[in-house]
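Novice: mmCIF, N, CA, C and O atoms, file data-v4.cif:
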```cif
data_input
loop_
_atom_site.label_atom_id
_atom_site.label_comp_id
_atom_site.auth_asym_id
_atom_site.auth_seq_id
_atom_site.Cartn_x
_atom_site.Cartn_y
_atom_site.Cartn_z
N MET A 1 23.78 139.23 59.27
CA MET A 1 25.07 139.33 59.93
C MET A 1 24.91 138.97 61.41
O MET A 1 24.00 139.44 62.07
N MET A 2 25.80 138.14 61.89
CA MET A 2 25.78 137.72 63.29
C MET A 2 26.38 138.83 64.16
O MET A 2 27.42 139.37 63.85
N LYS A 3 25.67 139.17 65.24
CA LYS A 3 26.15 140.20 66.16
C LYS A 3 26.94 139.56 67.29
O LYS A 3 26.60 138.49 67.77
N LYS A 4 27.98 140.27 67.72
CA LYS A 4 28.71 139.86 68.92
C LYS A 4 28.03 140.53 70.10
O LYS A 4 27.85 141.75 70.10
N ILE A 5 27.66 139.72 71.09
CA ILE A 5 26.93 140.23 72.26
C ILE A 5 27.67 139.80 73.53
O ILE A 5 28.03 138.64 73.68
N VAL A 6 27.89 140.76 74.41
CA VAL A 6 28.43 140.45 75.73
C VAL A 6 27.28 140.54 76.72
O VAL A 6 26.58 141.54 76.77
N LEU A 7 27.10 139.48 77.49
CA LEU A 7 26.06 139.43 78.52
C LEU A 7 26.71 139.61 79.88
O LEU A 7 27.67 138.92 80.22
N ASP A 8 26.18 140.53 80.65
CA ASP A 8 26.62 140.71 82.04
C ASP A 8 25.37 140.61 82.89
O ASP A 8 24.68 141.60 83.15
N ILE A 9 25.05 139.38 83.26
CA ILE A 9 23.83 139.10 84.00
C ILE A 9 24.18 138.38 85.29
O ILE A 9 25.26 137.79 85.41
N GLN A 10 23.29 138.42 86.24
CA GLN A 10 23.54 137.79 87.54
C GLN A 10 23.53 136.27 87.41
O GLN A 10 22.59 135.70 86.88
N SER A 11 24.60 135.67 87.88
CA SER A 11 24.68 134.22 88.00
C SER A 11 25.75 133.93 89.04
O SER A 11 26.62 134.75 89.30
N ASP A 12 25.71 132.77 89.63
CA ASP A 12 26.71 132.42 90.63
C ASP A 12 28.12 132.42 90.04
O ASP A 12 29.05 132.91 90.65
N ILE A 13 28.26 131.89 88.85
CA ILE A 13 29.57 131.86 88.20
C ILE A 13 30.05 133.27 87.91
O ILE A 13 31.18 133.63 88.20
N HIS A 14 29.18 134.08 87.35
CA HIS A 14 29.57 135.44 87.00
C HIS A 14 29.86 136.26 88.25
O HIS A 14 30.80 137.05 88.27
N ALA A 15 29.10 136.08 89.30
CA ALA A 15 29.33 136.82 90.54
C ALA A 15 30.72 136.52 91.09
O ALA A 15 31.43 137.42 91.53
N HIS A 16 31.14 135.28 91.02
CA HIS A 16 32.47 134.90 91.49
C HIS A 16 33.54 135.58 90.63
O HIS A 16 34.53 136.10 91.15
N THR A 17 33.36 135.61 89.34
CA THR A 17 34.30 136.27 88.43
C THR A 17 34.37 137.75 88.74
O THR A 17 35.45 138.34 88.77
N MET A 18 33.21 138.38 88.98
CA MET A 18 33.18 139.82 89.24
C MET A 18 33.91 140.15 90.54
O MET A 18 34.52 141.21 90.63
N GLU A 19 33.88 139.26 91.53
CA GLU A 19 34.61 139.51 92.77
C GLU A 19 36.10 139.59 92.51
O GLU A 19 36.82 140.35 93.13
N ARG A 20 36.59 138.78 91.57
CA ARG A 20 38.02 138.75 91.28
C ARG A 20 38.44 139.82 90.29
O ARG A 20 39.57 140.26 90.31
N MET A 21 37.54 140.24 89.41
CA MET A 21 37.87 141.19 88.36
C MET A 21 36.79 142.26 88.24
O MET A 21 35.87 142.13 87.43
N PRO A 22 36.88 143.31 89.02
CA PRO A 22 35.82 144.32 89.04
C PRO A 22 35.52 144.96 87.69
O PRO A 22 34.40 145.33 87.40
N ASP A 23 36.53 145.09 86.84
CA ASP A 23 36.32 145.69 85.53
C ASP A 23 36.25 144.65 84.41
O ASP A 23 36.55 144.94 83.26
N ALA A 24 35.85 143.43 84.75
CA ALA A 24 35.84 142.34 83.79
C ALA A 24 34.99 142.65 82.56
O ALA A 24 35.42 142.39 81.43
N THR A 25 33.82 143.21 82.74
CA THR A 25 32.94 143.47 81.61
C THR A 25 33.54 144.51 80.67
O THR A 25 33.57 144.31 79.46
N ALA A 26 34.04 145.60 81.22
CA ALA A 26 34.64 146.64 80.39
C ALA A 26 35.87 146.10 79.66
O ALA A 26 36.08 146.39 78.47
N GLU A 27 36.67 145.31 80.34
CA GLU A 27 37.87 144.72 79.72
C GLU A 27 37.49 143.72 78.63
O GLU A 27 38.12 143.67 77.57
N TRP A 28 36.47 142.92 78.90
CA TRP A 28 35.99 141.95 77.92
C TRP A 28 35.54 142.68 76.65
O TRP A 28 35.88 142.29 75.54
N CYS A 29 34.81 143.77 76.84
CA CYS A 29 34.33 144.55 75.69
C CYS A 29 35.49 145.21 74.95
O CYS A 29 35.48 145.29 73.72
N LYS A 30 36.47 145.68 75.68
CA LYS A 30 37.64 146.30 75.05
C LYS A 30 38.37 145.29 74.17
O LYS A 30 38.79 145.61 73.06
N THR A 31 38.49 144.08 74.65
CA THR A 31 39.19 143.02 73.92
C THR A 31 38.38 142.52 72.72
O THR A 31 38.91 142.36 71.62
N HIS A 32 37.09 142.28 72.92
CA HIS A 32 36.28 141.60 71.90
C HIS A 32 35.43 142.52 71.04
O HIS A 32 34.84 142.07 70.06
N ARG A 33 35.32 143.78 71.41
CA ARG A 33 34.58 144.78 70.64
C ARG A 33 33.20 144.28 70.17
O ARG A 33 32.94 144.13 68.98
N PRO A 34 32.30 144.05 71.13
CA PRO A 34 30.98 143.53 70.77
C PRO A 34 30.11 144.60 70.10
O PRO A 34 30.37 145.80 70.22
N ASP A 35 29.08 144.13 69.43
CA ASP A 35 28.07 145.02 68.85
C ASP A 35 27.09 145.47 69.92
O ASP A 35 26.57 146.58 69.86
N VAL A 36 26.83 144.58 70.89
CA VAL A 36 25.82 144.83 71.92
C VAL A 36 26.36 144.39 73.28
O VAL A 36 26.97 143.33 73.40
N LEU A 37 26.11 145.22 74.29
CA LEU A 37 26.38 144.86 75.68
C LEU A 37 25.04 144.85 76.40
O LEU A 37 24.35 145.87 76.46
N LEU A 38 24.66 143.70 76.94
CA LEU A 38 23.43 143.55 77.70
C LEU A 38 23.80 143.36 79.16
O LEU A 38 24.48 142.40 79.51
N MET A 39 23.39 144.30 80.00
CA MET A 39 23.71 144.24 81.43
C MET A 39 22.43 144.21 82.26
O MET A 39 21.54 145.03 82.06
N GLU A 40 22.40 143.31 83.21
CA GLU A 40 21.30 143.26 84.17
C GLU A 40 21.53 144.30 85.25
O GLU A 40 22.67 144.53 85.68
N VAL A 41 20.47 144.94 85.69
CA VAL A 41 20.54 145.96 86.74
C VAL A 41 19.73 145.47 87.93
O VAL A 41 18.59 145.02 87.78
N LYS A 42 20.35 145.56 89.12
CA LYS A 42 19.69 145.14 90.36
C LYS A 42 19.84 146.27 91.38
O LYS A 42 20.52 147.25 91.15
N ALA A 43 19.24 146.08 92.53
CA ALA A 43 19.29 147.09 93.59
C ALA A 43 20.50 146.90 94.50
O ALA A 43 20.63 147.58 95.51
N TYR A 44 21.40 145.97 94.16
CA TYR A 44 22.56 145.71 95.00
C TYR A 44 23.81 145.48 94.14
O TYR A 44 23.73 145.13 92.97
N SER A 45 24.95 145.69 94.77
CA SER A 45 26.25 145.59 94.10
C SER A 45 26.57 144.14 93.74
O SER A 45 26.19 143.24 94.49
N PRO A 46 27.23 143.90 92.63
CA PRO A 46 27.81 144.84 91.68
C PRO A 46 26.91 145.15 90.48
O PRO A 46 27.38 145.52 89.43
N TRP A 47 25.61 144.99 90.65
CA TRP A 47 24.68 145.21 89.55
C TRP A 47 23.87 146.49 89.69
O TRP A 47 22.87 146.67 88.99
N MET A 48 24.28 147.38 90.57
CA MET A 48 23.53 148.61 90.81
C MET A 48 23.59 149.53 89.58
O MET A 48 24.55 149.49 88.80
N PHE A 49 22.57 150.34 89.42
CA PHE A 49 22.47 151.24 88.27
C PHE A 49 23.73 152.09 88.11
O PHE A 49 24.29 152.19 87.02
N LYS A 50 24.19 152.69 89.20
CA LYS A 50 25.38 153.56 89.14
C LYS A 50 26.60 152.78 88.64
O LYS A 50 27.38 153.28 87.83
N GLU A 51 26.76 151.56 89.11
CA GLU A 51 27.88 150.72 88.68
C GLU A 51 27.75 150.35 87.21
O GLU A 51 28.74 150.33 86.47
N ARG A 52 26.55 150.07 86.79
CA ARG A 52 26.31 149.72 85.38
C ARG A 52 26.60 150.90 84.46
O ARG A 52 27.15 150.74 83.39
N MET A 53 26.24 152.09 84.90
CA MET A 53 26.51 153.27 84.07
C MET A 53 28.01 153.56 84.00
O MET A 53 28.51 154.03 82.98
N ALA A 54 28.74 153.26 85.06
CA ALA A 54 30.20 153.42 85.03
C ALA A 54 30.83 152.45 84.03
O ALA A 54 31.73 152.83 83.27
N ILE A 55 30.33 151.22 83.99
CA ILE A 55 30.80 150.25 82.99
C ILE A 55 30.45 150.74 81.60
O ILE A 55 31.26 150.69 80.68
N ARG A 56 29.23 151.23 81.44
CA ARG A 56 28.79 151.77 80.14
C ARG A 56 29.75 152.85 79.66
O ARG A 56 30.16 152.87 78.51
N ASP A 57 30.14 153.76 80.55
CA ASP A 57 31.06 154.84 80.18
C ASP A 57 32.40 154.29 79.71
O ASP A 57 32.95 154.75 78.71
N LYS A 58 32.94 153.31 80.41
CA LYS A 58 34.22 152.71 80.03
C LYS A 58 34.12 152.02 78.67
O LYS A 58 35.00 152.14 77.83
N VAL A 59 33.04 151.29 78.48
CA VAL A 59 32.86 150.58 77.22
C VAL A 59 32.74 151.57 76.06
O VAL A 59 33.37 151.39 75.02
N LYS A 60 31.98 152.62 76.24
CA LYS A 60 31.78 153.60 75.16
C LYS A 60 33.09 154.32 74.82
O LYS A 60 33.30 154.70 73.68
N ARG A 61 33.99 154.51 75.81
CA ARG A 61 35.28 155.13 75.53
C ARG A 61 36.12 154.28 74.59
O ARG A 61 36.84 154.80 73.75
N ASN A 62 36.01 152.96 74.72
CA ASN A 62 36.82 152.05 73.92
C ASN A 62 36.12 151.52 72.67
O ASN A 62 36.77 151.20 71.70
N THR A 63 34.82 151.39 72.74
CA THR A 63 34.03 150.83 71.63
C THR A 63 32.77 151.67 71.50
O THR A 63 31.69 151.28 71.93
N GLU A 64 32.92 152.84 70.90
CA GLU A 64 31.81 153.80 70.82
C GLU A 64 30.58 153.23 70.13
O GLU A 64 29.45 153.57 70.47
N SER A 65 30.78 152.34 69.17
CA SER A 65 29.66 151.81 68.41
C SER A 65 28.88 150.71 69.15
O SER A 65 27.82 150.29 68.68
N CYS A 66 29.39 150.25 70.28
CA CYS A 66 28.70 149.21 71.04
C CYS A 66 27.37 149.74 71.57
O CYS A 66 27.31 150.79 72.19
N ARG A 67 26.31 149.02 71.30
CA ARG A 67 24.97 149.39 71.77
C ARG A 67 24.77 148.82 73.16
O ARG A 67 25.12 147.67 73.42
N VAL A 68 24.21 149.60 74.06
CA VAL A 68 24.04 149.19 75.45
C VAL A 68 22.55 148.99 75.75
O VAL A 68 21.74 149.89 75.52
N ILE A 69 22.24 147.81 76.27
CA ILE A 69 20.88 147.47 76.68
C ILE A 69 20.92 147.10 78.15
O ILE A 69 21.76 146.32 78.58
N LEU A 70 20.01 147.67 78.93
CA LEU A 70 19.89 147.31 80.34
C LEU A 70 18.67 146.41 80.53
O LEU A 70 17.63 146.62 79.91
N PHE A 71 18.82 145.42 81.38
CA PHE A 71 17.78 144.45 81.67
C PHE A 71 17.41 144.60 83.14
O PHE A 71 18.27 144.51 84.01
N VAL A 72 16.14 144.86 83.42
CA VAL A 72 15.70 145.13 84.79
C VAL A 72 14.41 144.36 85.08
O VAL A 72 13.57 144.20 84.20
N ASP A 73 14.29 143.90 86.31
CA ASP A 73 13.06 143.23 86.74
C ASP A 73 12.06 144.30 87.15
O ASP A 73 12.14 144.86 88.24
N ASP A 74 11.14 144.60 86.26
CA ASP A 74 10.19 145.69 86.47
C ASP A 74 9.16 145.40 87.55
O ASP A 74 8.47 146.31 88.00
N ASP A 75 9.07 144.17 88.01
CA ASP A 75 8.07 143.83 89.03
C ASP A 75 8.55 144.10 90.45
O ASP A 75 7.75 144.13 91.37
N THR A 76 9.86 144.30 90.66
CA THR A 76 10.36 144.37 92.02
C THR A 76 10.84 145.75 92.47
O THR A 76 10.87 146.02 93.67
N ASP A 77 11.22 146.62 91.58
CA ASP A 77 11.81 147.88 92.00
C ASP A 77 11.42 149.02 91.05
O ASP A 77 12.04 149.21 90.01
N GLU A 78 10.40 149.76 91.42
CA GLU A 78 9.90 150.84 90.56
C GLU A 78 10.90 151.97 90.40
O GLU A 78 11.03 152.54 89.32
N ASP A 79 11.65 152.31 91.46
CA ASP A 79 12.65 153.38 91.37
C ASP A 79 13.76 153.01 90.39
O ASP A 79 14.18 153.84 89.58
N LEU A 80 14.22 151.78 90.48
CA LEU A 80 15.25 151.31 89.57
C LEU A 80 14.74 151.30 88.13
O LEU A 80 15.44 151.73 87.21
N THR A 81 13.54 150.84 87.94
CA THR A 81 12.94 150.83 86.61
C THR A 81 12.87 152.24 86.04
O THR A 81 13.18 152.47 84.87
N GLU A 82 12.52 153.22 86.86
CA GLU A 82 12.46 154.60 86.40
C GLU A 82 13.84 155.14 86.04
O GLU A 82 13.99 155.88 85.07
N LYS A 83 14.86 154.78 86.80
CA LYS A 83 16.23 155.21 86.46
C LYS A 83 16.64 154.68 85.08
O LYS A 83 17.26 155.38 84.29
N VAL A 84 16.29 153.43 84.83
CA VAL A 84 16.62 152.82 83.54
C VAL A 84 15.85 153.53 82.42
O VAL A 84 16.43 153.85 81.37
N ARG A 85 14.59 153.80 82.62
CA ARG A 85 13.80 154.53 81.62
C ARG A 85 14.39 155.92 81.35
O ARG A 85 14.47 156.37 80.21
N GLN A 86 14.80 156.59 82.42
CA GLN A 86 15.38 157.93 82.28
C GLN A 86 16.70 157.87 81.51
O GLN A 86 16.98 158.75 80.69
N ALA A 87 17.49 156.85 81.74
CA ALA A 87 18.74 156.69 80.99
C ALA A 87 18.47 156.56 79.50
O ALA A 87 19.20 157.11 78.67
N LYS A 88 17.41 155.86 79.14
CA LYS A 88 17.03 155.74 77.73
C LYS A 88 16.58 157.09 77.19
O LYS A 88 16.98 157.50 76.09
N ARG A 89 15.75 157.80 77.94
CA ARG A 89 15.27 159.12 77.50
C ARG A 89 16.43 160.08 77.28
O ARG A 89 16.39 160.91 76.38
N GLU A 90 17.47 159.96 78.11
CA GLU A 90 18.63 160.85 78.01
C GLU A 90 19.65 160.38 76.97
O GLU A 90 20.66 161.03 76.76
N GLY A 91 19.38 159.25 76.32
CA GLY A 91 20.28 158.75 75.30
C GLY A 91 21.52 158.06 75.84
O GLY A 91 22.48 157.83 75.09
N LEU A 92 21.53 157.71 77.11
CA LEU A 92 22.69 157.06 77.71
C LEU A 92 22.75 155.57 77.38
O LEU A 92 23.83 154.97 77.39
N ILE A 93 21.60 154.97 77.12
CA ILE A 93 21.52 153.58 76.71
C ILE A 93 20.70 153.51 75.43
O ILE A 93 19.94 154.42 75.11
N ASP A 94 20.85 152.41 74.72
CA ASP A 94 20.14 152.27 73.45
C ASP A 94 18.78 151.62 73.60
O ASP A 94 17.89 151.85 72.78
N ALA A 95 18.63 150.81 74.63
CA ALA A 95 17.34 150.14 74.86
C ALA A 95 17.34 149.58 76.28
O ALA A 95 18.36 149.54 76.95
N PHE A 96 16.15 149.16 76.70
CA PHE A 96 16.03 148.45 77.97
C PHE A 96 15.00 147.36 77.80
O PHE A 96 14.13 147.42 76.93
N LEU A 97 15.14 146.34 78.63
CA LEU A 97 14.22 145.22 78.62
C LEU A 97 13.76 144.95 80.03
O LEU A 97 14.53 145.11 80.99
N PHE A 98 12.51 144.55 80.17
CA PHE A 98 11.97 144.17 81.46
C PHE A 98 12.00 142.65 81.58
O PHE A 98 11.85 141.94 80.59
N GLY A 99 12.15 142.18 82.81
CA GLY A 99 12.14 140.75 83.05
C GLY A 99 10.86 140.08 82.65
O GLY A 99 10.82 138.87 82.41
N SER A 100 9.80 140.85 82.52
CA SER A 100 8.49 140.28 82.21
C SER A 100 8.24 140.10 80.71
O SER A 100 7.18 139.61 80.33
N VAL A 101 9.18 140.47 79.84
CA VAL A 101 8.95 140.35 78.39
C VAL A 101 9.17 138.92 77.92
O VAL A 101 9.91 138.15 78.54
N SER A 102 8.55 138.58 76.81
CA SER A 102 8.70 137.24 76.26
C SER A 102 10.08 137.06 75.63
O SER A 102 10.77 138.02 75.31
N GLU A 103 10.47 135.81 75.45
CA GLU A 103 11.77 135.51 74.83
C GLU A 103 11.85 136.05 73.41
O GLU A 103 12.89 136.55 72.99
N ASN A 104 10.76 135.98 72.67
CA ASN A 104 10.75 136.48 71.30
C ASN A 104 10.96 137.99 71.26
O ASN A 104 11.71 138.51 70.43
N TYR A 105 10.30 138.71 72.16
CA TYR A 105 10.47 140.16 72.21
C TYR A 105 11.90 140.50 72.62
O TYR A 105 12.53 141.39 72.07
N PHE A 106 12.40 139.78 73.60
CA PHE A 106 13.77 139.97 74.09
C PHE A 106 14.75 139.87 72.92
O PHE A 106 15.59 140.74 72.69
N ALA A 107 14.64 138.78 72.15
CA ALA A 107 15.52 138.56 70.99
C ALA A 107 15.33 139.64 69.93
O ALA A 107 16.30 140.10 69.31
N SER A 108 14.11 140.08 69.73
CA SER A 108 13.83 141.11 68.72
C SER A 108 14.46 142.44 69.08
O SER A 108 14.99 143.14 68.21
N VAL A 109 14.43 142.81 70.36
CA VAL A 109 15.05 144.08 70.78
C VAL A 109 16.55 144.02 70.56
O VAL A 109 17.15 144.94 70.03
N ILE A 110 17.17 142.92 70.96
CA ILE A 110 18.61 142.78 70.77
C ILE A 110 18.96 142.86 69.28
O ILE A 110 19.91 143.53 68.88
N ASP A 111 18.17 142.21 68.45
CA ASP A 111 18.41 142.23 67.01
C ASP A 111 18.21 143.61 66.41
O ASP A 111 18.85 143.97 65.43
N SER A 112 17.34 144.42 67.01
CA SER A 112 17.00 145.71 66.42
C SER A 112 18.00 146.83 66.72
O SER A 112 17.96 147.86 66.06
N VAL A 113 18.87 146.65 67.70
CA VAL A 113 19.80 147.74 68.02
C VAL A 113 21.09 147.65 67.24
O VAL A 113 21.47 146.68 66.72
#
```
What does the file become when written as structure tokens?

Specialist:
Amino acid sequence: MMKKIVLDIQSDIHAHTMERMPDATAEWCKTHRPDVLLMEVKAYSPWMFKERMAIRDKVKRNTESCRVILFVDDDTDEDLTEKVRQAKREGLIDAFLFGSVSENYFASVIDSV
């Protein structure tokens, strides 16, 4: 079965969209009801951990079955990486991925949730 996945990752195009529509990801998920939401987490807005968790809360209110995966660059920010790990331990997210993982592992994690 093909999964519907919403990607919220840093890109110039996406950053411009986010400036115009702060709740774009949550609204997109509400409309399309994805199986998986993959969000990149950074140390600056609008990709900060706190902002990502607020989006996660909105998405879960509308699409409870949507699995949430956070993607973080584990080489640059140890505090942020620990926040993401703690969110997984607390059951707030379904999985996390590090920027240093291979493409095959990345795809396998998404497929497994």

Novice: Considering only N, CA, C and O atoms, return as a list in words whatever protein or nucleic-acid residues lie within 8 Å of A:Asp74, sequence-local ones (same chain, fewer than 6 positions apart) excluded.

Specialist: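 Close residues of A:Asp74: Val41, Leu80, Thr81, Glu82, Leu97, Phe98, Gly99, Ser100 and Val101 of chain A.
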
Novice: Only N, CA, C and O atoms, please: the residues just picked out, written as a PDB file, in the coordinates of the input.

Specialist:
```pdb
ATOM      1  N   VAL A  41      20.470 144.940  85.690  1.00  0.00           N
ATOM      2  CA  VAL A  41      20.540 145.960  86.740  1.00  0.00           C
ATOM      3  C   VAL A  41      19.730 145.470  87.930  1.00  0.00           C
ATOM      4  O   VAL A  41      18.590 145.020  87.780  1.00  0.00           O
ATOM      5  N   LEU A  80      14.220 151.780  90.480  1.00  0.00           N
ATOM      6  CA  LEU A  80      15.250 151.310  89.570  1.00  0.00           C
ATOM      7  C   LEU A  80      14.740 151.300  88.130  1.00  0.00           C
ATOM      8  O   LEU A  80      15.440 151.730  87.210  1.00  0.00           O
ATOM      9  N   THR A  81      13.540 150.840  87.940  1.00  0.00           N
ATOM     10  CA  THR A  81      12.940 150.830  86.610  1.00  0.00           C
ATOM     11  C   THR A  81      12.870 152.240  86.040  1.00  0.00           C
ATOM     12  O   THR A  81      13.180 152.470  84.870  1.00  0.00           O
ATOM     13  N   GLU A  82      12.520 153.220  86.860  1.00  0.00           N
ATOM     14  CA  GLU A  82      12.460 154.600  86.400  1.00  0.00           C
ATOM     15  C   GLU A  82      13.840 155.140  86.040  1.00  0.00           C
ATOM     16  O   GLU A  82      13.990 155.880  85.070  1.00  0.00           O
ATOM     17  N   LEU A  97      15.140 146.340  78.630  1.00  0.00           N
ATOM     18  CA  LEU A  97      14.220 145.220  78.620  1.00  0.00           C
ATOM     19  C   LEU A  97      13.760 144.950  80.030  1.00  0.00           C
ATOM     20  O   LEU A  97      14.530 145.110  80.990  1.00  0.00           O
ATOM     21  N   PHE A  98      12.510 144.550  80.170  1.00  0.00           N
ATOM     22  CA  PHE A  98      11.970 144.170  81.460  1.00  0.00           C
ATOM     23  C   PHE A  98      12.000 142.650  81.580  1.00  0.00           C
ATOM     24  O   PHE A  98      11.850 141.940  80.590  1.00  0.00           O
ATOM     25  N   GLY A  99      12.150 142.180  82.810  1.00  0.00           N
ATOM     26  CA  GLY A  99      12.140 140.750  83.050  1.00  0.00           C
ATOM     27  C   GLY A  99      10.860 140.080  82.650  1.00  0.00           C
ATOM     28  O   GLY A  99      10.820 138.870  82.410  1.00  0.00           O
ATOM     29  N   SER A 100       9.800 140.850  82.520  1.00  0.00           N
ATOM     30  CA  SER A 100       8.490 140.280  82.210  1.00  0.00           C
ATOM     31  C   SER A 100       8.240 140.100  80.710  1.00  0.00           C
ATOM     32  O   SER A 100       7.180 139.610  80.330  1.00  0.00           O
ATOM     33  N   VAL A 101       9.180 140.470  79.840  1.00  0.00           N
ATOM     34  CA  VAL A 101       8.950 140.350  78.390  1.00  0.00           C
ATOM     35  C   VAL A 101       9.170 138.920  77.920  1.00  0.00           C
ATOM     36  O   VAL A 101       9.910 138.150  78.540  1.00  0.00           O
TER      37      VAL A 101
END
```

Novice: What is the atom N of A:Trp28-atom N of A:Ser102 distance in Å, reported with one decimal?

Specialist: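 If I compute the distance from atom N of A:Trp28 to atom N of A:Ser102, I get 28.3 Å.
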
Novice: Go ahead and find all residues with at least one atom no further than 9 Å from (32.7, 142.9, 81.7) in the file's coordinates, using only C-alpha atoms; report them as a list of chain:residue names.

Specialist: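 Collected hits near the coordinates: A:Val6, A:Leu7, A:Asp8, A:Met18, A:Met21, A:Pro22, A:Asp23, A:Ala24, A:Thr25, A:Ala26, A:Glu27, A:Trp28, A:Cys29, A:Lys30, A:Leu37, A:Ile55, A:Val59.
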
Novice: Could you tell me how far atom O of A:Ser112 sits from atom C of A:Lys42, in Å to one decimal place?

Specialist: 25.4 Å

Novice: Between atom CA of A:Ser45 and atom CA of A:Thr76, what is the distance in Å, rounded to a tenth?

Specialist: 16.1 Å

Novice: With only N, CA, C and O atoms as the atoms that count, which of A:Val36, A:Met53, A:Ala87, A:Ala43 lies nearest to A:Ile110?

Specialist: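 Of A:Val36, A:Met53, A:Ala87, A:Ala43, the one nearest A:Ile110 is A:Val36, counting only N, CA, C and O atoms.
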
Novice: Can you check which residues of chain A DSSP gives as helix (DSSP H, G or I) on the backbone and send them as number ranges by chain?

Specialist: A: 12-20, 24-32, 49-62, 78-89, 103-112
